[in-house]
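*Asks:* Pasting query07.cif below, which is mmCIF, C-alpha atoms.
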data_target
loop_
_atom_site.label_atom_id
_atom_site.label_comp_id
_atom_site.auth_asym_id
_atom_site.auth_seq_id
_atom_site.Cartn_x
_atom_site.Cartn_y
_atom_site.Cartn_z
CA MET A 18 -31.87 -7.47 -36.66
CA THR A 19 -28.30 -7.44 -35.36
CA PHE A 20 -26.84 -5.39 -32.55
CA PRO A 21 -23.25 -4.51 -31.74
CA GLU A 22 -21.94 -6.29 -28.68
CA GLU A 23 -21.80 -2.99 -26.80
CA VAL A 24 -25.55 -2.64 -27.08
CA LEU A 25 -26.16 -6.13 -25.71
CA MET A 26 -23.75 -5.39 -22.90
CA ALA A 27 -25.56 -2.13 -22.13
CA TYR A 28 -28.82 -4.06 -22.11
CA ALA A 29 -27.39 -6.40 -19.50
CA ASP A 30 -26.22 -3.40 -17.47
CA ASP A 31 -29.63 -1.72 -17.78
CA GLU A 32 -28.11 1.26 -19.55
CA LEU A 33 -30.23 1.45 -22.72
CA ASP A 34 -32.82 4.08 -23.42
CA ALA A 35 -36.40 2.83 -23.73
CA PRO A 36 -36.64 2.61 -27.55
CA THR A 37 -33.35 0.72 -27.94
CA ARG A 38 -34.28 -1.56 -25.11
CA ALA A 39 -37.61 -2.33 -26.76
CA ALA A 40 -35.83 -3.10 -30.02
CA VAL A 41 -33.49 -5.52 -28.29
CA ASP A 42 -36.44 -7.14 -26.49
CA ALA A 43 -38.18 -7.70 -29.81
CA ALA A 44 -35.05 -9.14 -31.42
CA MET A 45 -34.41 -11.39 -28.47
CA ALA A 46 -37.82 -12.99 -28.85
CA SER A 47 -36.95 -14.25 -32.31
CA ASP A 48 -33.19 -14.77 -31.93
CA PRO A 49 -32.03 -17.10 -29.15
CA ASP A 50 -28.42 -16.13 -29.83
CA ILE A 51 -29.10 -12.55 -28.71
CA ALA A 52 -30.71 -13.86 -25.54
CA ARG A 53 -27.74 -16.13 -24.91
CA ARG A 54 -25.21 -13.32 -25.32
CA ILE A 55 -27.14 -11.03 -23.01
CA ALA A 56 -27.38 -13.81 -20.43
CA GLN A 57 -23.62 -14.25 -20.66
CA HIS A 58 -23.03 -10.54 -20.02
CA LYS A 59 -25.34 -10.67 -17.03
CA ALA A 60 -23.70 -13.79 -15.66
CA LEU A 61 -20.25 -12.23 -15.83
CA ARG A 62 -21.52 -9.08 -14.17
CA ASN A 63 -23.09 -11.08 -11.33
CA ARG A 64 -20.08 -13.28 -10.91
CA VAL A 65 -17.66 -10.35 -10.58
CA HIS A 66 -19.99 -8.39 -8.36
CA SER A 67 -20.72 -11.17 -5.92
CA ALA A 68 -17.06 -12.24 -5.64
CA PHE A 69 -15.96 -8.73 -4.65
CA ASN A 70 -18.97 -8.23 -2.38
CA LYS A 71 -17.23 -10.47 0.13
CA VAL A 72 -14.77 -7.66 0.74
CA LEU A 73 -17.60 -5.56 2.20
CA GLU A 74 -17.96 -8.06 5.03
CA GLU A 75 -14.32 -7.88 6.07
CA PRO A 76 -13.45 -5.66 9.01
CA VAL A 77 -11.71 -2.44 7.96
CA PRO A 78 -8.08 -2.64 9.16
CA ALA A 79 -7.29 -0.44 12.14
CA ARG A 80 -4.51 1.36 10.31
CA VAL A 81 -6.98 2.63 7.72
CA LEU A 82 -9.52 3.75 10.32
CA LYS A 83 -6.78 5.49 12.22
CA VAL A 84 -5.96 7.70 9.26
CA VAL A 85 -9.56 8.85 8.95
CA ARG A 86 -9.95 9.43 12.65
CA SER A 87 -6.76 11.39 13.22
CA ASP A 88 -7.00 15.04 12.37
CA PRO A 89 -4.47 16.15 9.76
CA ALA A 90 -5.22 19.79 10.61
CA GLU A 91 -4.00 19.27 14.15
CA PRO A 92 -0.51 20.71 14.51
CA ARG A 93 2.09 18.02 14.45
CA LYS A 94 4.02 17.33 17.60
CA SER A 95 7.28 19.22 17.43
CA ASN A 96 9.57 16.27 16.89
CA VAL A 97 7.73 14.87 13.89
CA MET A 98 9.04 16.75 10.93
CA PRO A 99 6.74 17.28 7.97
CA LEU A 100 9.50 15.95 5.78
CA ARG A 101 9.47 12.64 7.54
CA ARG A 102 5.72 12.35 7.23
CA ARG A 103 5.94 12.94 3.52
CA GLN A 104 8.69 10.41 3.07
CA ALA A 105 6.77 7.84 5.02
CA HIS A 106 3.84 8.37 2.78
CA ARG A 107 5.82 8.12 -0.40
CA TRP A 108 7.53 4.98 0.71
CA THR A 109 4.48 3.27 2.07
CA TRP A 110 3.21 1.84 -1.12
CA PRO A 111 5.85 -0.60 -2.38
CA GLN A 112 5.96 -2.45 0.87
CA TRP A 113 7.59 -5.67 -0.03
CA ALA A 114 8.71 -5.05 -3.52
CA ALA A 115 12.11 -5.30 -5.03
CA VAL A 116 13.00 -1.70 -5.64
CA ALA A 117 16.63 -1.05 -4.83
CA ALA A 118 17.78 -3.16 -1.91
CA SER A 119 15.03 -2.27 0.46
CA LEU A 120 11.95 -0.30 1.24
CA LEU A 121 10.50 1.59 4.10
CA VAL A 122 7.55 -0.06 5.72
CA GLY A 123 7.15 1.93 8.85
CA ALA A 124 8.70 5.30 9.33
CA VAL A 125 8.75 5.43 13.04
CA ALA A 126 9.12 8.86 14.46
CA ALA A 127 9.41 9.41 18.17
CA ARG A 128 5.66 9.77 18.11
CA LEU A 129 4.06 7.18 15.95
CA THR A 130 1.70 8.33 13.30
CA TRP A 131 1.17 4.99 11.70
CA VAL A 132 2.41 1.56 12.38
CA TYR A 133 2.54 -0.47 9.22
CA THR A 134 4.25 -3.45 10.58
CA GLU A 135 4.22 -5.53 13.69
CA ILE A 136 6.84 -4.34 16.10
CA PRO A 137 9.55 -7.01 16.06
CA GLY A 138 10.92 -8.67 19.17
CA PRO A 139 14.22 -6.77 19.34
CA ILE A 140 12.29 -3.52 19.54
CA GLU A 141 9.81 -2.68 22.23
CA MET A 142 7.36 0.07 22.71
CA ARG A 143 7.56 2.14 25.86
CA GLY A 144 4.99 4.89 26.09
CA ASP A 145 5.02 6.33 22.62
CA ARG A 146 8.67 5.54 21.99
CA LEU A 147 10.32 2.59 20.36
CA LEU A 148 13.34 1.30 22.22
CA ALA A 149 15.86 -1.27 21.16
CA ALA A 150 15.68 -4.42 23.26
CA GLY A 151 17.34 -7.82 23.43
CA ALA A 152 20.05 -8.62 20.93
CA LEU A 153 19.63 -5.27 19.22
CA ALA A 154 20.11 -3.26 22.41
CA ALA A 155 23.14 -5.39 23.25
CA ALA A 156 24.70 -4.87 19.83
CA LEU A 157 24.05 -1.13 19.94
CA SER A 158 25.65 -0.80 23.36
CA ASP A 159 28.52 -3.24 23.05
CA ARG A 160 29.57 -3.82 19.43
CA LEU A 161 32.02 -1.87 17.38
CA ALA A 162 31.26 -2.09 13.68
CA SER A 163 34.65 -3.70 13.15
CA GLU A 164 34.20 -6.55 15.61
CA GLN A 165 30.99 -8.22 14.54
CA THR A 166 30.38 -11.43 12.65
CA ALA A 167 28.29 -11.80 9.54
CA ALA A 168 26.01 -14.20 11.37
CA ALA A 169 25.10 -11.84 14.22
CA PRO A 170 21.35 -11.33 14.57
CA ALA A 171 21.85 -7.57 14.79
CA ARG A 172 24.61 -5.73 12.98
CA ILE A 173 25.81 -2.19 13.40
CA GLY A 174 26.39 0.05 10.39
CA ILE A 175 27.70 3.52 11.03
CA THR A 176 27.96 5.49 14.25
CA PHE A 177 27.74 9.27 14.39
CA ARG A 178 27.02 12.26 16.59
CA ALA A 179 23.68 13.91 15.93
CA LYS A 180 23.34 17.67 15.70
CA SER A 181 21.61 17.57 19.05
CA GLY A 182 24.68 15.87 20.58
CA GLU A 183 23.61 12.29 21.16
CA TYR A 184 25.21 9.24 19.58
CA CYS A 185 23.28 7.46 16.86
CA ARG A 186 23.96 4.15 15.14
CA THR A 187 22.42 2.49 12.11
CA PHE A 188 21.62 -1.19 12.41
CA THR A 189 20.39 -4.18 10.44
CA LEU A 190 18.37 -7.06 11.79
CA ARG A 191 18.42 -10.43 10.17
CA GLN A 192 14.98 -11.65 11.22
CA PRO A 193 12.69 -9.83 10.52
CA ALA A 194 14.76 -8.19 7.81
CA LEU A 195 14.80 -4.62 9.02
CA ALA A 196 17.19 -1.74 9.08
CA GLY A 197 16.98 1.38 11.14
CA LEU A 198 18.53 4.14 13.09
CA ALA A 199 18.72 4.29 16.89
CA CYS A 200 19.93 7.20 18.99
CA ARG A 201 21.05 7.05 22.59
CA SER A 202 18.87 8.87 25.10
CA ALA A 203 18.40 8.60 28.83
CA ALA A 204 15.72 5.98 28.18
CA GLY A 205 18.00 3.77 26.09
CA TRP A 206 18.43 3.35 22.33
CA GLU A 207 15.48 5.07 20.74
CA VAL A 208 14.61 3.77 17.32
CA GLY A 209 13.81 6.74 15.09
CA VAL A 210 13.44 5.04 11.73
CA LEU A 211 12.71 1.46 10.87
CA ALA A 212 12.59 0.07 7.36
CA HIS A 213 12.26 -3.30 5.73
CA THR A 214 15.24 -4.60 3.86
CA GLU A 215 14.84 -7.03 1.07
CA SER A 216 15.35 -10.58 2.17
CA ARG A 217 15.64 -13.15 -0.52
CA GLY A 218 16.47 -16.47 0.98
CA GLY A 219 18.24 -14.79 3.87
CA SER A 220 21.66 -16.30 3.22
CA ALA A 221 24.65 -14.70 4.88
CA ASP A 222 25.57 -13.18 1.53
CA THR A 223 22.33 -11.35 0.94
CA TYR A 224 22.37 -10.34 4.56
CA ARG A 225 25.78 -8.75 4.18
CA GLN A 226 24.63 -7.04 1.04
CA ALA A 227 21.55 -5.65 2.77
CA ALA A 228 23.71 -4.39 5.61
CA SER A 229 25.92 -2.46 3.24
CA SER A 230 23.04 -0.81 1.39
CA MET A 231 20.78 0.98 3.80
CA PRO A 232 17.17 1.70 2.91
CA ALA A 233 16.67 5.20 1.54
CA ALA A 234 14.60 6.22 4.55
CA VAL A 235 17.46 5.35 6.89
CA VAL A 236 19.99 7.15 4.71
CA ALA A 237 17.70 10.20 4.68
CA ALA A 238 17.33 10.12 8.46
CA VAL A 239 21.10 9.92 8.88
CA GLY A 240 21.55 12.87 6.54
CA GLU A 241 19.01 14.85 8.49
CA ARG A 242 20.61 14.26 11.86
CA ILE A 243 24.33 13.82 11.39
CA ALA A 244 26.74 16.49 12.62
CA GLY A 245 30.02 16.18 10.72
CA GLU A 246 31.30 12.76 9.70
CA PRO A 247 30.58 9.26 10.97
CA LEU A 248 32.90 8.16 13.80
CA ASP A 249 36.01 6.21 12.93
CA GLN A 250 36.89 3.03 14.76
CA SER A 251 38.80 4.66 17.59
CA SER A 252 36.20 7.37 18.28
CA GLU A 253 33.60 4.64 18.25
CA ALA A 254 35.58 2.72 20.87
CA VAL A 255 35.92 5.87 23.02
CA ALA A 256 32.19 6.54 22.81
CA ARG A 257 31.47 2.98 23.86
CA SER A 258 33.79 3.25 26.84
CA ARG A 259 31.82 6.30 27.91
CA HIS A 260 28.59 4.34 27.58
CA TRP A 261 27.49 6.59 24.74
CA GLN A 262 27.10 9.59 27.02
CA PRO A 263 27.56 12.87 25.16
CA ASP A 264 30.69 14.85 26.09
CA GLY A 265 32.00 12.08 28.22
CA ALA A 266 29.63 12.82 31.09
CA ALA A 267 30.23 10.40 33.91
CA ALA A 268 28.56 7.15 33.01
CA THR A 269 26.12 6.39 35.73
CA ARG A 270 23.78 4.01 34.01
CA MET B 11 -11.27 21.88 9.48
CA GLY B 12 -14.58 22.54 11.18
CA SER B 13 -17.78 20.56 11.37
CA SER B 14 -17.89 20.06 7.59
CA GLY B 15 -14.60 18.20 8.06
CA GLU B 16 -16.31 16.02 10.64
CA VAL B 17 -19.16 15.31 8.23
CA LEU B 18 -16.67 14.30 5.55
CA ARG B 19 -14.82 12.11 8.00
CA GLU B 20 -18.04 10.30 8.85
CA ARG B 21 -18.87 9.83 5.17
CA ILE B 22 -15.42 8.43 4.49
CA ILE B 23 -15.79 5.97 7.35
CA GLU B 24 -19.15 4.84 5.96
CA LEU B 25 -17.62 4.41 2.52
CA LEU B 26 -14.46 2.57 3.62
CA PRO B 27 -15.88 -0.89 2.88
CA ARG B 28 -16.77 0.18 -0.67
CA LEU B 29 -13.43 1.86 -1.17
CA ARG B 30 -11.74 -1.33 -0.04
CA ARG B 31 -13.82 -3.37 -2.47
CA PHE B 32 -12.95 -1.03 -5.32
CA ALA B 33 -9.26 -1.05 -4.39
CA ARG B 34 -9.26 -4.84 -4.26
CA SER B 35 -10.36 -4.99 -7.87
CA LEU B 36 -7.39 -2.81 -8.86
CA ALA B 37 -4.51 -3.84 -6.62
CA ARG B 38 -3.00 -7.28 -6.66
CA ASN B 39 -3.37 -8.00 -2.98
CA ALA B 40 -5.17 -6.82 0.12
CA GLN B 41 -2.14 -5.06 1.55
CA ASP B 42 -1.70 -2.90 -1.53
CA ALA B 43 -5.43 -2.30 -1.72
CA ASP B 44 -5.52 -0.99 1.84
CA ASP B 45 -2.54 1.23 1.10
CA LEU B 46 -4.60 2.74 -1.70
CA VAL B 47 -7.57 3.26 0.59
CA GLN B 48 -5.33 4.84 3.18
CA ILE B 49 -3.79 7.22 0.65
CA THR B 50 -7.27 8.05 -0.61
CA ALA B 51 -8.51 8.93 2.88
CA GLU B 52 -5.47 11.07 3.56
CA ARG B 53 -5.77 12.95 0.30
CA ALA B 54 -9.51 13.43 0.69
CA LEU B 55 -9.13 14.89 4.17
CA ALA B 56 -6.31 17.14 3.03
CA ARG B 57 -8.37 18.38 0.08
CA ALA B 58 -11.77 18.60 1.72
CA ASP B 59 -12.11 22.15 0.40
CA GLN B 60 -12.03 20.85 -3.19
CA LEU B 61 -15.21 18.83 -2.76
CA ARG B 62 -18.05 20.72 -4.41
CA PRO B 63 -21.35 20.57 -2.52
CA ASP B 64 -23.18 19.08 -5.53
CA HIS B 65 -20.56 16.39 -6.11
CA PRO B 66 -21.36 12.94 -4.67
CA VAL B 67 -18.75 12.09 -2.04
CA ALA B 68 -18.50 8.47 -3.21
CA SER B 69 -17.61 9.46 -6.79
CA TRP B 70 -15.12 11.99 -5.54
CA LEU B 71 -13.42 9.37 -3.38
CA PHE B 72 -13.41 6.79 -6.17
CA GLY B 73 -11.76 9.40 -8.38
CA ILE B 74 -9.06 10.05 -5.80
CA LEU B 75 -8.45 6.32 -5.40
CA ARG B 76 -8.30 5.85 -9.15
CA ASN B 77 -5.71 8.63 -9.44
CA ALA B 78 -3.68 7.18 -6.59
CA TRP B 79 -3.72 3.81 -8.32
CA ILE B 80 -2.61 5.31 -11.62
CA ASP B 81 0.15 7.26 -9.85
CA GLU B 82 1.40 4.02 -8.39
CA GLY B 83 1.13 2.26 -11.72
CA ARG B 84 4.49 3.36 -12.96
CA SER B 85 6.39 2.18 -9.93
CA ARG B 86 4.27 -0.96 -9.81
CA ARG B 87 5.19 -1.90 -13.35
CA ARG B 88 8.83 -1.16 -12.70
CA ARG B 89 8.67 -3.36 -9.65
CA GLU B 90 6.88 -6.21 -11.34
CA SER B 91 9.39 -6.20 -14.14
CA LEU B 92 12.10 -6.66 -11.49
CA LEU B 93 10.43 -9.63 -9.89
CA GLU B 94 11.24 -13.06 -11.12
CA PRO B 95 8.40 -15.33 -12.19
CA ALA B 96 8.83 -17.46 -9.06
CA GLU B 97 8.28 -14.42 -6.88
CA LEU B 98 5.23 -13.41 -8.82
CA ALA B 99 3.84 -16.86 -8.30
CA GLU B 100 4.48 -16.55 -4.57
CA ARG B 101 2.70 -13.26 -4.48
CA VAL B 102 -0.45 -14.70 -6.01
CA GLY B 103 -0.59 -17.03 -3.04
CA ASP B 104 0.09 -14.20 -0.59
CA PRO B 105 -2.20 -14.82 2.38
CA ALA B 106 -2.77 -11.07 2.59
CA GLY B 107 -4.58 -11.38 -0.73
CA GLY B 108 -7.41 -13.30 0.90
CA SER B 109 -8.00 -16.97 0.62
CA ASP B 110 -11.26 -17.04 -1.31
CA PRO B 111 -10.37 -18.94 -4.50
CA GLU B 112 -13.11 -17.31 -6.59
CA LEU B 113 -11.96 -13.83 -5.56
CA LEU B 114 -8.31 -14.72 -6.22
CA CYS B 115 -9.21 -16.11 -9.62
CA LEU B 116 -11.04 -12.93 -10.60
CA GLN B 117 -8.33 -10.67 -9.20
CA ASP B 118 -5.77 -12.60 -11.16
CA ALA B 119 -7.79 -12.29 -14.38
CA LEU B 120 -8.42 -8.57 -13.80
CA SER B 121 -4.74 -7.95 -13.18
CA ARG B 122 -4.01 -9.11 -16.73
CA LEU B 123 -6.23 -6.46 -18.28
CA PRO B 124 -4.89 -3.10 -19.42
CA GLU B 125 -5.39 -0.38 -16.79
CA ASP B 126 -8.24 1.42 -18.53
CA GLN B 127 -10.25 -1.76 -19.06
CA ARG B 128 -9.64 -2.87 -15.51
CA LEU B 129 -10.91 0.47 -14.21
CA ALA B 130 -14.04 0.30 -16.33
CA ILE B 131 -14.82 -3.18 -15.01
CA ALA B 132 -14.04 -2.18 -11.43
CA LEU B 133 -16.37 0.81 -11.55
CA VAL B 134 -19.27 -0.76 -13.43
CA LEU B 135 -19.22 -4.45 -12.55
CA VAL B 136 -17.60 -4.42 -9.11
CA GLU B 137 -19.00 -1.14 -7.82
CA GLY B 138 -22.22 -1.20 -9.84
CA LEU B 139 -21.93 2.42 -10.94
CA SER B 140 -23.77 3.74 -13.98
CA TYR B 141 -21.86 4.31 -17.22
CA LYS B 142 -22.23 8.03 -16.68
CA GLU B 143 -20.77 7.96 -13.16
CA ALA B 144 -17.95 5.64 -14.22
CA ALA B 145 -17.10 7.81 -17.24
CA SER B 146 -17.00 10.91 -15.07
CA ILE B 147 -14.66 9.26 -12.56
CA MET B 148 -12.40 8.18 -15.41
CA SER B 149 -12.70 11.64 -17.02
CA VAL B 150 -13.69 10.17 -20.41
CA PRO B 151 -16.84 10.37 -22.55
CA VAL B 152 -19.44 7.64 -22.01
CA GLY B 153 -18.63 6.19 -25.45
CA THR B 154 -15.02 5.65 -24.45
CA LEU B 155 -16.09 4.02 -21.23
CA THR B 156 -18.44 1.59 -23.00
CA SER B 157 -15.83 0.51 -25.50
CA ARG B 158 -13.26 -0.07 -22.73
CA LEU B 159 -15.86 -1.96 -20.75
CA ALA B 160 -16.80 -4.11 -23.75
CA ARG B 161 -13.19 -4.99 -24.53
CA GLY B 162 -12.43 -5.68 -20.89
CA ARG B 163 -15.44 -7.92 -20.56
CA GLU B 164 -14.59 -9.86 -23.65
CA ALA B 165 -11.02 -10.45 -22.46
CA LEU B 166 -12.20 -11.38 -18.98
CA GLN B 167 -14.81 -13.75 -20.36
CA SER B 168 -12.28 -15.60 -22.47
CA MET B 169 -9.76 -15.84 -19.61
CA LEU B 170 -12.40 -17.22 -17.26
CA SER B 171 -13.80 -19.73 -19.73
CA GLU B 172 -10.26 -20.94 -20.38
CA THR B 173 -9.68 -21.69 -16.71
CA SER B 174 -13.12 -23.07 -15.91
CA GLY B 175 -13.47 -25.02 -19.18
CA VAL B 176 -10.48 -27.23 -18.43
CA PRO B 177 -10.86 -29.58 -15.47
CA PRO B 178 -7.91 -29.39 -13.06
#
Can you present the structure in this file as structure tokens?
*Replies:*
Amino acid sequence: MTFPEEVLMAYADDELDAPTRAAVDAAMASDPDIARRIAQHKALRNRVHSAFNKVLEEPVPARVLKVVRSDPAEPRKSNVMPLRRRQAHRWTWPQWAAVAASLLVGAVAARLTWVYTEIPGPIEMRGDRLLAAGALAAALSDRLASEQTAAAPARIGITFRAKSGEYCRTFTLRQPALAGLACRSAAGWEVGVLAHTESRGGSADTYRQAASSMPAAVVAAVGERIAGEPLDQSSEAVARSRHWQPDGAAATR
Amino acid sequence: MGSSGEVLRERIIELLPRLRRFARSLARNAQDADDLVQITAERALARADQLRPDHPVASWLFGILRNAWIDEGRSRRRRESLLEPAELAERVGDPAGGSDPELLCLQDALSRLPEDQRLAIALVLVEGLSYKEAASIMSVPVGTLTSRLARGREALQSMLSETSGVPP
């Protein structure tokens, strides 16, 4: 008696009804080839199952637990817009892939919902805010877009006034390869969006290229916040001389 | 969401290790797999009202994860077609993918299977679900599931005997 392979497979998976199973048992007794094929199906099943079983022993990453433990029904804090949450979600998946020039890894709102990436050195966390630090803070405060070198660790993109009045600047970091948007507040440069840029090799050329093409999440955040047009070189210089205080308020920092 | 939401939350937490195992048999590395689990948990909590009382929570969650994976399939393929072979090779060795050589070998073999065969193997061999449960999660008749499973197994078997039959 011969059986289609699917029946032998179902035998190995314990999926046959009693009569068919009995028929296979009988055939197996007289045909070693049937027994061998069933054993092969069982061996593959066991091999796959036991390899993946190791995953059960791994600790569940905190970021995953956090999603289950936070209540989506809870009203969002006022400064986290639903739009941003949705974008973050959509952009989460292709974390390090080569779509366009860059991809969002962590959409960092003033209040963090998720952190997908380690917070890099030039950015520090104070309370629930991300503030630029080190070379990034220095570049944001002191550099005009026109006076920076390609090799600088932090480069400034565009500068603009937000609808709420404060100055904001886009930036690119070389290492880790990130791009983002920071806005000036009393606390310092608050990083509102942070996204990975593609870094292939990290030569000055690719770096320049990445700086000129901002990740979509950063572009979207700029579009959401900008009032009017980006500043030109001279308005940028004036804003710097006023220490980025809105309306030229006396700089007392 | 009231106390039923809390019950669901607890069930999801209990099932996270299994969801991670399932996701690992679909996604190419651990990072992507955990993204899938995260999306699944978010969607499940947002759609708690769609869970029928007689529907097993595990199957429901596997179904959501399967859909999330299929949704991502299009962009994944687009992405993989953009990557150069050298990058793909790097990604296989991605430390986030886990360092267990047996697991990596199986993940690599599974990733070469067509989506529907990979799903059938993930549900039946990795998760140990019955044909009926697996077919219902895939929204296909049991006969379709068994033929996908048989073809997937055959392909997997020949890939694995190729690699293990030749000494390094």
*Asks:* Taking into account only C-alpha atoms, which residue in the set B:Leu120, B:Ile49, B:Val67, B:Val150 is nearest to Ala132 (chain B)?
*Replies:*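 Looking at the shortest contact to Ala132 (chain B), the residue is B:Leu120.
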*Asks:* Please evaluate the PyMOL selection byres ((chain A) within 6 of (chain B)) against the structure above and give the resulting residues as a compact mmCIF listing (two decimals) with C-alpha atoms, in the frame of the given file.
*Replies:*
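Dumped to expr_32.txt:
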# COMPACT_ATOMS: atom_id res chain seq x y z
CA GLU A 23 -21.80 -2.99 -26.80
CA ARG A 62 -21.52 -9.08 -14.17
CA HIS A 66 -19.99 -8.39 -8.36
CA ALA A 68 -17.06 -12.24 -5.64
CA VAL A 72 -14.77 -7.66 0.74
CA LEU A 73 -17.60 -5.56 2.20
CA VAL A 81 -6.98 2.63 7.72
*Asks:* Please provide as a PyMOL selection string all residues within 8 Å of Glu207 (chain A), with the sequence filter that same-chain residues fewer than 5 positions apart are discarded (counting only C-alpha atoms).
*Replies:* chain A and resi 127+146-149+199-202
*Asks:* Run the PyMOL selection byres ((chain A and resi 169) around 10) on the file and write out the hits as a PyMOL selection string.
*Replies:* chain A and resi 152-153+156+165-168+170-173+189-191+221
*Asks:* Deliver the residues from the most recent selection as a file, using C-alpha atoms, as an mmCIF file, in the frame of the given file.
*Replies:*
data_model
loop_
_atom_site.group_PDB
_atom_site.id
_atom_site.type_symbol
_atom_site.label_atom_id
_atom_site.label_comp_id
_atom_site.auth_asym_id
_atom_site.auth_seq_id
_atom_site.Cartn_x
_atom_site.Cartn_y
_atom_site.Cartn_z
ATOM 1 C CA ALA A 152 20.050 -8.620 20.930
ATOM 2 C CA LEU A 153 19.630 -5.270 19.220
ATOM 3 C CA ALA A 156 24.700 -4.870 19.830
ATOM 4 C CA GLN A 165 30.990 -8.220 14.540
ATOM 5 C CA THR A 166 30.380 -11.430 12.650
ATOM 6 C CA ALA A 167 28.290 -11.800 9.540
ATOM 7 C CA ALA A 168 26.010 -14.200 11.370
ATOM 8 C CA PRO A 170 21.350 -11.330 14.570
ATOM 9 C CA ALA A 171 21.850 -7.570 14.790
ATOM 10 C CA ARG A 172 24.610 -5.730 12.980
ATOM 11 C CA ILE A 173 25.810 -2.190 13.400
ATOM 12 C CA THR A 189 20.390 -4.180 10.440
ATOM 13 C CA LEU A 190 18.370 -7.060 11.790
ATOM 14 C CA ARG A 191 18.420 -10.430 10.170
ATOM 15 C CA ALA A 221 24.650 -14.700 4.880
#
*Asks:* Please determine, counting only C-alpha atoms, which residue among A:Asp42, A:Glu183, A:Glu241, A:Glu246 has the shortest atom-to-atom distance to Gln262 (chain A).
*Replies:*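 When distances to Gln262 (chain A) are compared using only C-alpha atoms, the smallest one comes from A:Glu183.
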*Asks:* Quick one: residues within 12 Å of Arg38 (chain A), all atoms listed in the file, excluding same-chain residues fewer than 4 positions away - as JSON, numbers by chain?
*Replies:* {"A": [20, 24, 25, 26, 27, 28, 29, 30, 31, 32, 33, 34, 42, 43, 44, 45]}
*Asks:* Restrict the selected residues to C-alpha atoms and save them as a short mmCIF file (atom, residue, chain, number, x, y, z; two decimals), keeping the file's coordinate frame.
*Replies:*
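File out-v4.cif, as written:
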data_model
loop_
_atom_site.label_atom_id
_atom_site.label_comp_id
_atom_site.auth_asym_id
_atom_site.auth_seq_id
_atom_site.Cartn_x
_atom_site.Cartn_y
_atom_site.Cartn_z
CA PHE A 20 -26.84 -5.39 -32.55
CA VAL A 24 -25.55 -2.64 -27.08
CA LEU A 25 -26.16 -6.13 -25.71
CA MET A 26 -23.75 -5.39 -22.90
CA ALA A 27 -25.56 -2.13 -22.13
CA TYR A 28 -28.82 -4.06 -22.11
CA ALA A 29 -27.39 -6.40 -19.50
CA ASP A 30 -26.22 -3.40 -17.47
CA ASP A 31 -29.63 -1.72 -17.78
CA GLU A 32 -28.11 1.26 -19.55
CA LEU A 33 -30.23 1.45 -22.72
CA ASP A 34 -32.82 4.08 -23.42
CA ASP A 42 -36.44 -7.14 -26.49
CA ALA A 43 -38.18 -7.70 -29.81
CA ALA A 44 -35.05 -9.14 -31.42
CA MET A 45 -34.41 -11.39 -28.47
#
*Asks:* So which residues get picked by the PyMOL selection byres ((chain A and resi 197) around 10) here, written as a compact mmCIF listing (two decimals) with C-alpha atoms, keeping the file's coordinate frame?
*Replies:*
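part.txt, freshly written:
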# COMPACT_ATOMS: atom_id res chain seq x y z
CA LEU A 121 10.50 1.59 4.10
CA ALA A 124 8.70 5.30 9.33
CA VAL A 125 8.75 5.43 13.04
CA ILE A 173 25.81 -2.19 13.40
CA GLY A 174 26.39 0.05 10.39
CA ARG A 186 23.96 4.15 15.14
CA THR A 187 22.42 2.49 12.11
CA PHE A 188 21.62 -1.19 12.41
CA THR A 189 20.39 -4.18 10.44
CA LEU A 190 18.37 -7.06 11.79
CA LEU A 195 14.80 -4.62 9.02
CA ALA A 196 17.19 -1.74 9.08
CA LEU A 198 18.53 4.14 13.09
CA ALA A 199 18.72 4.29 16.89
CA VAL A 208 14.61 3.77 17.32
CA GLY A 209 13.81 6.74 15.09
CA VAL A 210 13.44 5.04 11.73
CA LEU A 211 12.71 1.46 10.87
CA ALA A 212 12.59 0.07 7.36
CA HIS A 213 12.26 -3.30 5.73
CA THR A 214 15.24 -4.60 3.86
CA MET A 231 20.78 0.98 3.80
CA PRO A 232 17.17 1.70 2.91
CA ALA A 234 14.60 6.22 4.55
CA VAL A 235 17.46 5.35 6.89
CA VAL A 236 19.99 7.15 4.71
CA ALA A 238 17.33 10.12 8.46
CA VAL A 239 21.10 9.92 8.88
*Asks:* Nearest to Ser252 (chain A): which of A:Ala155, A:Val77, A:Ile175, A:Ala203 is it, counting all atoms listed in the file?
*Replies:*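 Using all atoms listed in the file, the shortest distance to Ser252 (chain A) belongs to A:Ile175.
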*Asks:* In Å, rounded to a single decimal, give me how far CA of Leu61 (chain A) is from CA of Gly73 (chain B).
*Replies:*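 Separation of CA of Gly73 (chain B) and CA of Leu61 (chain A): 24.4 Å.
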*Asks:* Quick one: pull the distance between CA of Ser47 (chain A) and CA of Met18 (chain A), Å, one decimal.
*Replies:* 9.5 Å
*Asks:* Ranking A:Arg257, A:Arg242, A:Arg86, A:Arg54 by minimum distance to Pro21 (chain A) and counting only C-alpha atoms, which one comes first?
*Replies:*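 Of the candidates, the smallest distance to Pro21 (chain A) is held by A:Arg54.
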*Asks:* One decimal, Å: what's the distance from CA of Val65 (chain A) over to CA of His65 (chain B), could you say?
*Replies:* 27.3 Å
*Asks:* Nearest residue to Ser168 (chain B) out of A:Leu248, A:Gln57, A:Phe69, A:Asp159, using all atoms listed in the file?
*Replies:*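 Looking at the shortest contact to Ser168 (chain B), the residue is A:Gln57.
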*Asks:* Looking at B:Arg76, B:Glu172, B:Ser121, B:Ser146, which one is nearest to Asn39 (chain B), with distances taken over only C-alpha atoms?
*Replies:*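 Closest to Asn39 (chain B) of all the choices is B:Ser121.
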